[in-house]
Amino acid sequence: MTTIAFIGLGIMGGPMAAHLVAAGHDVVGHNLSRPAVDRLVAAGGRAATDTADAVRDAEVVITMVPDSPDVEALVAEVYPNVKPGTLHIDCSTIRPDVARRVAAAGAEHGVRVVDAPVSGGEAGAVEGTLSIMVGGDAADVEAARPYLDVVGGTVVHVGPAGAGQTVKAANQLIVAGNIQLVAEALVFLEAHGVDTGAAVEVLAGGLAGSTVLDRKAAGMRARTFAPGFRIDLHHKDLGIVTAAAREAGVAIPLGAHVAQLVASLRAQGHGGLDHSALLLQVESLSGR
Ligand code: NAD
C-alpha cells in the first residue's frame, strides 16, 4: 500500500483516484471544490484540508488539474514540502516546455517527475482503460508504472521529460479533426434524409471507423453535449499544439483551421459543452 496524494478530483481525477483506492492504496485527495473530495471519501479515500496537508506524508503525488499555470503553481507549493525521493506523476495536459521545466524543478528538490497525460475521456477514466503517454527517466517511469497500470489499459514510455505531453498534443490534434469531420458527416447525412443510426453502424465497421465515432456519435445524434471533455480544455490543447508546431516549423493547416472552429464555438459561449458540440457550429454554418 502506498500513500498517494491526489490533487484535482474532477471529471478525470475523481474516477482515477477511486481506482487507486480500490487497488488498495491510501489516497489523500484535495480539490478546489468540496463535493469532489466527498466523493473520494465515500469511495474509501481520505480528505486533505489543503495541498500541503495532502502531500505531507505522500510517497507519490498525482496531479490532474486543467492547465500549465495550475501545475506550475502546485509545483511551487508542493516541491519544497515533500520528502526527498517523492514521485510526482502529472497526468494533466500541459505544454511540453512547462513539463520539462517542472522536471528540472523536481531535480532541484529531489523529486522524481514524470509527465503522464492520458487519453480515453471520462469513459476511459471510469473504466480504468486510459491510454497513457509517459515522459521521463526510464527508472522513474518504471516507478510510476504500477500506479498508471491501475488507471490505464495502455501505458507507454515515449521519451524523456515532456515527450508525454508532445504525444498528447498530437492526440488532441487527431481527436479535434476527427470530431469536426464526424460532425460534418452527420449534418451531411441528415440533410440527405439518411437514418444516421444505420449510417454510423456501417461507417464504424469500415475505414471511417474511430473511437470518436464509437463514443461520440450517439451523443451528437441525440444533441446531448454535457462534458465529457469541455470545449474550453480542447481550446487550451489546440493552443499547445499550434505553439509546438510553430516551434518545430511544422505546418498543420487542417489542425489550425479546426483550432479556429473550436475558438469560435468558445467565443459563442459554448466553452462548457463537450467538444462534440462542434456539431452545433456545422449546423449553424449550414443554416440548419
Ligand atoms: P475538471 O475541470 O473536471 O477537473 C479539474 C479539477 O482540478 C477541478 O475539480 C478543480 O477544482 C481541480 N483543481 C484545479 N486547480 C487545483 C488546485 N490548485 N488544487 C486542487 N484542485 C485543483 O477537468 P478534467 O476534465 O478532469 O481535466 C483535467 C485534465 O485532464 C486537463 O488537463 C484535461 O485537459 C485533461 N484531460 C481531460 C479529459 C476529459 O475527457 N475530460 C481527457 C484527457 C485529458
# chains A, B, ... in the order shown; residues from 1 in each chain; ligands from 1
>>> select_by_dssp(residues="region 18-230 of chain A", states="strand (DSSP E)", output="number ranges by chain")
A: 26-30, 46-47, 60-63, 87-90, 112-115, 118-119, 130-135, 152-159
>>> write_last_selection(atoms="N, CA and C atoms", output="short mmCIF file (atom, residue, chain, number, x, y, z; two decimals), in the first residue's frame")
data_model
loop_
_atom_site.label_atom_id
_atom_site.label_comp_id
_atom_site.auth_asym_id
_atom_site.auth_seq_id
_atom_site.Cartn_x
_atom_site.Cartn_y
_atom_site.Cartn_z
N ASP A 26 -3.61 4.06 -0.08
CA ASP A 26 -4.09 5.09 0.85
C ASP A 26 -4.08 6.41 0.08
N VAL A 27 -5.24 6.85 -0.39
CA VAL A 27 -5.31 8.02 -1.27
C VAL A 27 -5.86 9.22 -0.49
N VAL A 28 -5.05 10.28 -0.45
CA VAL A 28 -5.44 11.51 0.24
C VAL A 28 -5.73 12.55 -0.85
N GLY A 29 -6.97 13.01 -0.90
CA GLY A 29 -7.36 13.86 -2.03
C GLY A 29 -7.54 15.31 -1.67
N HIS A 30 -7.24 16.17 -2.65
CA HIS A 30 -7.54 17.60 -2.50
C HIS A 30 -8.09 18.12 -3.82
N ARG A 46 -9.21 9.49 1.67
CA ARG A 46 -9.18 10.46 2.78
C ARG A 46 -9.19 11.88 2.23
N ALA A 47 -9.73 12.80 3.03
CA ALA A 47 -9.81 14.20 2.61
C ALA A 47 -8.65 14.99 3.21
N VAL A 60 3.86 9.26 -3.22
CA VAL A 60 3.55 9.58 -4.62
C VAL A 60 2.56 10.73 -4.64
N VAL A 61 2.81 11.71 -5.51
CA VAL A 61 1.86 12.82 -5.70
C VAL A 61 1.37 12.76 -7.14
N ILE A 62 0.05 12.71 -7.32
CA ILE A 62 -0.52 12.72 -8.68
C ILE A 62 -1.32 14.01 -8.84
N THR A 63 -1.07 14.74 -9.92
CA THR A 63 -1.84 15.96 -10.20
C THR A 63 -2.66 15.76 -11.46
N LEU A 87 7.76 10.72 -5.70
CA LEU A 87 7.49 10.59 -7.13
C LEU A 87 6.28 11.46 -7.48
N HIS A 88 6.46 12.38 -8.43
CA HIS A 88 5.34 13.22 -8.89
C HIS A 88 4.93 12.78 -10.29
N ILE A 89 3.68 12.34 -10.40
CA ILE A 89 3.13 11.93 -11.70
C ILE A 89 2.12 13.01 -12.10
N ASP A 90 2.45 13.79 -13.12
CA ASP A 90 1.50 14.82 -13.57
C ASP A 90 0.71 14.28 -14.75
N ARG A 112 11.24 13.06 -8.06
CA ARG A 112 11.27 12.35 -9.35
C ARG A 112 9.98 12.68 -10.10
N VAL A 113 10.08 13.16 -11.33
CA VAL A 113 8.91 13.66 -12.05
C VAL A 113 8.69 12.89 -13.35
N VAL A 114 7.45 12.51 -13.60
CA VAL A 114 7.10 12.03 -14.94
C VAL A 114 5.87 12.79 -15.42
N ASP A 115 5.86 13.10 -16.74
CA ASP A 115 4.63 13.64 -17.33
C ASP A 115 3.88 12.46 -17.91
N VAL A 118 -3.15 11.67 -20.32
CA VAL A 118 -3.98 10.50 -20.61
C VAL A 118 -4.92 10.78 -21.77
N SER A 119 -5.37 9.71 -22.41
CA SER A 119 -6.41 9.82 -23.43
C SER A 119 -7.42 8.70 -23.19
N LEU A 130 -7.53 3.95 -19.57
CA LEU A 130 -6.92 5.10 -20.26
C LEU A 130 -5.67 4.68 -21.03
N SER A 131 -5.38 5.45 -22.07
CA SER A 131 -4.12 5.30 -22.79
C SER A 131 -3.20 6.39 -22.23
N ILE A 132 -2.02 6.01 -21.75
CA ILE A 132 -1.19 6.96 -21.01
C ILE A 132 0.18 7.06 -21.66
N MET A 133 0.54 8.29 -22.06
CA MET A 133 1.79 8.55 -22.76
C MET A 133 2.76 9.18 -21.77
N VAL A 134 3.87 8.47 -21.49
CA VAL A 134 4.68 8.85 -20.35
C VAL A 134 6.05 9.37 -20.77
N GLY A 135 6.43 10.54 -20.23
CA GLY A 135 7.75 11.09 -20.46
C GLY A 135 8.54 11.15 -19.16
N GLY A 152 -4.89 2.77 -16.29
CA GLY A 152 -4.69 2.73 -17.74
C GLY A 152 -4.75 1.33 -18.31
N GLY A 153 -5.11 1.25 -19.59
CA GLY A 153 -5.06 -0.01 -20.32
C GLY A 153 -3.81 -0.08 -21.18
N THR A 154 -3.34 1.07 -21.63
CA THR A 154 -2.14 1.15 -22.48
C THR A 154 -1.23 2.22 -21.87
N VAL A 155 -0.08 1.79 -21.38
CA VAL A 155 0.86 2.72 -20.75
C VAL A 155 2.20 2.59 -21.48
N VAL A 156 2.63 3.68 -22.14
CA VAL A 156 3.84 3.58 -22.97
C VAL A 156 4.81 4.71 -22.62
N HIS A 157 6.08 4.32 -22.37
CA HIS A 157 7.14 5.31 -22.16
C HIS A 157 7.56 5.83 -23.53
N VAL A 158 7.29 7.11 -23.80
CA VAL A 158 7.51 7.63 -25.15
C VAL A 158 8.78 8.47 -25.28
N GLY A 159 9.49 8.74 -24.18
CA GLY A 159 10.72 9.52 -24.29
C GLY A 159 11.02 10.28 -23.01
#
>>> residues_around(residues="Lys236 (chain A)", least_positions_apart="4", cutoff="8 Å", atoms="only C-alpha atoms", output="PyMOL selection string")
chain A and resi 67+232+240
>>> select_by_dssp(residues="region 40-283 of chain A", states="alpha helix (DSSP H)", output="PyMOL selection string")
chain A and resi 40-42+51-55+68-78+96-109+121-127+138-151+163-191+196-204+211-222+231-248+253-265+278-283
>>> residues_around(residues="Ala218 (chain A)", least_positions_apart="3", cutoff="12 Å", atoms="only C-alpha atoms", output="list in words")
Val182, Ala183, Leu186, Thr196, Gly197, Ala198, Ala199, Val200, Glu201, Ala204, Thr211, Val212, Leu213, Asp214, Arg215, Arg221, Ala222, Arg223, Thr224, Phe225 and Ser276 of chain A
>>> closest_residue(among="A:Phe6, A:His192, A:Ala217, A:Gly228", to="Gly124 (chain A)", atoms="only C-alpha atoms")
A:Gly228
>>> closest_residue(among="A:Pro117, A:Gly44, A:Pro146, A:Gly106", to="Pro84 (chain A)", atoms="only C-alpha atoms")
A:Gly106
>>> closest_atom_pairs(of="chain A", to="ligand 1", cutoff="8 Å", atoms="only C-alpha atoms and all ligand atoms", output="CSV")
residue,atom,partner,partner_atom_place_in_ligand_line,distance
A:Ile7,CA,ligand 1,20 (C),5.1
A:Gly8,CA,ligand 1,7 (O),3.5
A:Leu9,CA,ligand 1,9 (O),5.0
A:Gly10,CA,ligand 1,4 (O),3.3
A:Ile11,CA,ligand 1,26 (O),3.9
A:Met12,CA,ligand 1,26 (O),3.8
A:Gly13,CA,ligand 1,26 (O),5.4
A:Gly14,CA,ligand 1,26 (O),7.5
A:His30,CA,ligand 1,20 (C),5.3
A:Asn31,CA,ligand 1,21 (N),3.5
A:Leu32,CA,ligand 1,11 (O),3.9
A:Ser33,CA,ligand 1,11 (O),5.2
A:Ala36,CA,ligand 1,9 (O),6.7
A:Asp50,CA,ligand 1,19 (N),7.8
A:Thr51,CA,ligand 1,19 (N),6.5
A:Met64,CA,ligand 1,28 (C),5.1
A:Val65,CA,ligand 1,7 (O),4.1
A:Pro66,CA,ligand 1,32 (O),3.8
A:Asp67,CA,ligand 1,32 (O),5.3
A:Asp70,CA,ligand 1,15 (N),5.5
A:Val71,CA,ligand 1,18 (N),7.5
A:Ala73,CA,ligand 1,18 (N),7.0
A:Leu74,CA,ligand 1,18 (N),5.8
A:Cys91,CA,ligand 1,30 (O),6.7
A:Ser92,CA,ligand 1,32 (O),3.8
A:Thr93,CA,ligand 1,32 (O),3.8
A:Ile94,CA,ligand 1,32 (O),6.3
A:Pro117,CA,ligand 1,44 (C),6.5
A:Val118,CA,ligand 1,43 (C),5.1
A:Ser119,CA,ligand 1,43 (C),4.7
A:Gly120,CA,ligand 1,42 (C),6.1
A:Gly121,CA,ligand 1,40 (O),3.4
A:Glu122,CA,ligand 1,40 (O),4.8
A:Ala123,CA,ligand 1,40 (O),7.9
A:Pro227,CA,ligand 1,41 (N),7.1
A:Gly228,CA,ligand 1,40 (O),4.9
A:Phe229,CA,ligand 1,41 (N),3.9
A:Arg230,CA,ligand 1,41 (N),6.6
A:Leu233,CA,ligand 1,34 (O),5.2
A:His234,CA,ligand 1,34 (O),6.9
A:Lys236,CA,ligand 1,34 (O),7.6
A:Asp237,CA,ligand 1,34 (O),6.8
>>> atom_distance(atom1="CA of Ala259 (chain A)", atom2="CA of Ile174 (chain A)")
11.5 Å
>>> closest_residue(among="A:Val150, A:Val78, A:Pro69, A:Leu203", to="Ala22 (chain A)", atoms="only C-alpha atoms")
A:Val150
>>> atom_distance(atom1="CA of Leu279 (chain A)", atom2="CA of Val262 (chain A)")
10.8 Å
>>> closest_residue(among="A:Val98, A:Ala267, A:Leu254, A:Ala58", to="Ile231 (chain A)", atoms="only C-alpha atoms")
A:Ala267
